[in-house]
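First comes the structure, then the notes that go with it.
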Amino acid sequence: MKPAAVIIDDEIQIRRLLRVALEAENYQVHEADNGHDGLVEIANRKPAVILLDLGLPDMDGLEVLKRLREWSEAPVLVLSVRDDEAGKVVALDAGAEDYVTKPFSTPELLARLRAAQRKTRPEEEISVFKSGDLIVDLTARVVTRAGHEIKLTATEYSLLRLFVKHPGRVLTHRYILREIWGPKSEEHRQYLRVYVTHLRQKIEVDPATPLLIKTESGIGYRFHSVDSNSDE
Amino acid sequence: MWAFQKKQAAGKSTDTLPDAKSLHIPLVTGDRAEGVLTVRLSNPPTLEQRELLDAFAAQLALFVNKERALEESREAQIARQSQKLQKTLFDSVSHELKTPLAAMTAALQQPEPDCSELQQAARRLTRTVDHLLDATRLESGLLQPVREWCDPAELVNEAIAASGLKDAEVRINIAKNLPPISVDSRLIQQALGSLLSNAVAHGKSEQPIEVSAARDDSMLVISVADHGPGLAPGEENKVFEKFYRGPRTRPGGLGLGLSIARQLVEAHGGQIVAQNQENGGARFSICLPIGEAMRMPSEAATA
């Protein structure tokens, strides 16, 4: 049986575009043009993935997200417009897996879709991460490049570990701060970028053009792992 | 009210309502009353006092009259300017929206739609809409920089990567050991992006754009220089005005990019300047105050 996908968007053109892209990926596509019908569709179809527009006619997309999160764990990809960084961040922090910005490119949409469905794996599942000649061994807590050990500070290692465990997924500033510094993380917010810079200088081949840790302006960071993307 | 309408004094010590507690003297200039001066008096005024009050009322009337005339002419001027601005806005917006739409329609009507033509038009349309939204947001004061400590080199490199410039198209010269700076990286990169696309539009394609970052005393200076024809005399400030389109500008564009860039930089307490280079071409510089040095929270020992 084909996996189901539910699209909730009031714009018929957007739904049509998404349908074409998703059907090409072998999904059974169901559509809803408002939040209420969308929730009904999700309850009935048990989709493998949900594409949710934040601007819906009957209710706020964020409200739809919060309600469905009470009973569904299905990954949600938020469809948003440029410059609504605040809206995206709120949606991600409310349980959306990722977002795409309209107008979006189909390859990008599909890549995000795949990453969103790759649920956060339990720690023991990814114990060793490899990218090029960089090896991160989470069990031994050792990071090496071409056989040479890279010395990381405790913060840098925690950051790297968090990234490695969420390949291809966007991580919001707030999520990273909470995961690493816990509830009293606010004082670290303005330094997060500096920690990332330091980490890049140690693990990126060319820190000026980072390939592993990409900045998502106004939102957070995304860990691109060439190796783990190609194994799909 | 009576004093205003009749342009005659009324109240205490006058022929009209002499028993009132106050004296009302109209402020008259020519045949127009500008207002009424009301004086509350315990005793009827002496002749001298009354003359002094009349003289004062006359002076006041002149002053109020002059202010009103000035105000009216100012309002008329603002109305004219805003009309002109609205016309410019309307003309350039409709042109910038319609041109790519026309190109798209034409491309779609061909037996085999020209995809690159369509893409180009879509990009132009996107840019126009983005600029309009940015300008509106800046105008409404909704924009508040969210500051975080940033490595200047990283800021510049990310902005260049986002602009889509190829390695051969840009020469980067970033000073070593620049101190971290507390800015909203997204906004500063957007301002830099504006300067980069401006340099692409005005530079010579065979010569790379030069991007540099260096410290100048208490300022961080990020410059974008091109090898194009440079700025016409007097354009150094005008280029940052809304809807300004230089005489040497190629067709296309709203003339909003640089004005948006200036507002983004100014929101950080910085400055943006344009000048010609000695060896030709224009140089745009973003100057940001470096401010206090960063103090990171202390960290546990290494892993």
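Residue numbering restarts at 1 in every chain; chains get A, B, ... in the order shown in the structure tokens, and ligands count up from 1 in that same order.
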Residues of chain A within 9 Å of chain B: nearest atom pair and distance (Å, one decimal) for each, counting only C-alpha atoms, sorted by chain and number, as a Markdown table?
| residue | atom | partner | partner_atom | distance |
| --- | --- | --- | --- | --- |
| A:Arg82 | CA | B:Asp130 | CA | 8.3 |
| A:Asp83 | CA | B:Asp130 | CA | 8.8 |
| A:Pro103 | CA | B:Thr126 | CA | 8.7 |
| A:Arg141 | CA | B:Ala303 | CA | 7.7 |
| A:Val142 | CA | B:Ala303 | CA | 8.8 |
| A:Lys151 | CA | B:Thr302 | CA | 7.5 |
| A:Leu152 | CA | B:Thr302 | CA | 6.2 |
| A:Thr153 | CA | B:Thr302 | CA | 4.1 |
| A:Ala154 | CA | B:Ala303 | CA | 4.7 |
| A:Thr155 | CA | B:Glu299 | CA | 7.4 |
| A:Glu156 | CA | B:Ala303 | CA | 8.7 |
| A:Tyr157 | CA | B:Ala303 | CA | 6.9 |
| A:Glu187 | CA | B:Pro297 | CA | 8.1 |
| A:His188 | CA | B:Pro297 | CA | 7.5 |
| A:Arg189 | CA | B:Glu148 | CA | 7.3 |
| A:Gln190 | CA | B:Glu148 | CA | 4.1 |
| A:Tyr191 | CA | B:Trp149 | CA | 5.7 |
| A:Leu192 | CA | B:Glu148 | CA | 7.8 |
| A:Arg193 | CA | B:Cys150 | CA | 6.2 |
| A:Val194 | CA | B:Cys150 | CA | 6.2 |
| A:Thr197 | CA | B:Asp151 | CA | 7.4 |
| A:Pro207 | CA | B:Glu154 | CA | 8.4 |
| A:Ala208 | CA | B:Asn157 | CA | 6.1 |
| A:Thr209 | CA | B:Asn157 | CA | 7.0 |
| A:Thr215 | CA | B:Glu158 | CA | 8.3 |
| A:Ser217 | CA | B:Arg186 | CA | 5.5 |
| A:Gly218 | CA | B:Arg186 | CA | 6.0 |
Deliver the residues from the most recent selection as a file, using N, CA and C atoms, as a compact mmCIF listing (two decimals), in the first residue's frame.
# COMPACT_ATOMS: atom_id res chain seq x y z
N ARG A 82 8.20 33.64 2.57
CA ARG A 82 9.47 34.24 2.93
C ARG A 82 9.22 35.32 3.98
N ASP A 83 10.22 35.48 4.85
CA ASP A 83 10.18 36.57 5.82
C ASP A 83 9.28 36.30 7.00
N PRO A 103 7.92 30.73 -2.84
CA PRO A 103 7.86 29.64 -3.80
C PRO A 103 9.00 28.65 -3.57
N ARG A 141 32.92 8.96 22.13
CA ARG A 141 33.04 10.42 22.25
C ARG A 141 34.35 10.91 21.63
N VAL A 142 34.64 10.41 20.44
CA VAL A 142 35.87 10.81 19.76
C VAL A 142 35.54 11.32 18.36
N LYS A 151 40.19 17.98 18.93
CA LYS A 151 39.82 18.33 20.31
C LYS A 151 38.64 19.30 20.28
N LEU A 152 37.56 18.90 20.91
CA LEU A 152 36.40 19.77 21.00
C LEU A 152 36.13 20.11 22.45
N THR A 153 35.60 21.31 22.68
CA THR A 153 35.18 21.63 24.05
C THR A 153 33.88 20.89 24.31
N ALA A 154 33.44 20.86 25.56
CA ALA A 154 32.22 20.15 25.93
C ALA A 154 31.03 20.70 25.13
N THR A 155 30.95 22.02 25.01
CA THR A 155 29.83 22.63 24.28
C THR A 155 29.88 22.25 22.81
N GLU A 156 31.07 22.32 22.22
CA GLU A 156 31.21 22.00 20.81
C GLU A 156 30.81 20.56 20.54
N TYR A 157 31.22 19.67 21.46
CA TYR A 157 30.87 18.27 21.26
C TYR A 157 29.36 18.05 21.38
N GLU A 187 20.84 32.90 28.48
CA GLU A 187 22.07 33.70 28.46
C GLU A 187 23.03 33.25 27.34
N HIS A 188 22.80 32.06 26.81
CA HIS A 188 23.69 31.56 25.76
C HIS A 188 23.23 31.94 24.37
N ARG A 189 21.96 32.43 24.27
CA ARG A 189 21.38 32.68 22.95
C ARG A 189 22.27 33.53 22.06
N GLN A 190 22.75 34.65 22.59
CA GLN A 190 23.53 35.54 21.73
C GLN A 190 24.93 35.02 21.42
N TYR A 191 25.31 33.90 22.05
CA TYR A 191 26.64 33.35 21.77
C TYR A 191 26.59 32.09 20.90
N LEU A 192 25.34 31.61 20.64
CA LEU A 192 25.20 30.35 19.92
C LEU A 192 25.97 30.36 18.60
N ARG A 193 25.83 31.47 17.88
CA ARG A 193 26.49 31.57 16.59
C ARG A 193 28.02 31.44 16.72
N VAL A 194 28.54 31.97 17.80
CA VAL A 194 30.00 31.90 18.02
C VAL A 194 30.43 30.45 18.27
N THR A 197 30.45 28.81 15.00
CA THR A 197 31.63 29.23 14.25
C THR A 197 32.86 28.42 14.68
N PRO A 207 36.06 26.27 6.47
CA PRO A 207 35.09 26.93 7.34
C PRO A 207 34.41 28.14 6.69
N ALA A 208 35.06 28.74 5.67
CA ALA A 208 34.46 29.90 5.01
C ALA A 208 33.25 29.49 4.18
N THR A 209 33.24 28.26 3.68
CA THR A 209 32.08 27.76 2.95
C THR A 209 31.66 26.43 3.57
N THR A 215 23.74 27.62 7.97
CA THR A 215 22.91 28.56 8.71
C THR A 215 21.56 28.71 8.02
N SER A 217 19.04 31.33 8.08
CA SER A 217 18.96 32.69 8.58
C SER A 217 17.66 32.97 9.34
N GLY A 218 17.80 33.46 10.56
CA GLY A 218 16.63 33.84 11.35
C GLY A 218 15.92 32.67 11.99
Determine, counting only C-alpha atoms, which protein, DNA and RNA residues have an atom within 12 Å of an atom of B:Val239; residues of the same chain fewer than 2 positions away are not included. Present the result as a ChimeraX atom specification.
-> /B:195,198,230-237,241-249,255-262,272-275,282,284
Mind checking which residues fall within 9 Å of B:Ile209, counting only C-alpha atoms, ignoring those fewer than 2 positions away in the same chain, and posting them as JSON, numbers by chain?
-> {"B": [169, 170, 171, 172, 196, 199, 200, 203, 204, 205, 207, 211, 224, 225, 226, 227]}
Contacts of A:Val76 at 10 Å (only C-alpha atoms; same-chain gap of 6+ positions) as an MDAnalysis selection string = chainID A and resid 6:7 47:52 65 68:69 91:92 95:99 113 116:117
Determine which residues of stretch 41-154 of chain B DSSP labels as helix (DSSP H, G or I) from the backbone of this structure, then write them out as a ChimeraX atom specification.
-> /B:47-109,115-139,152-154
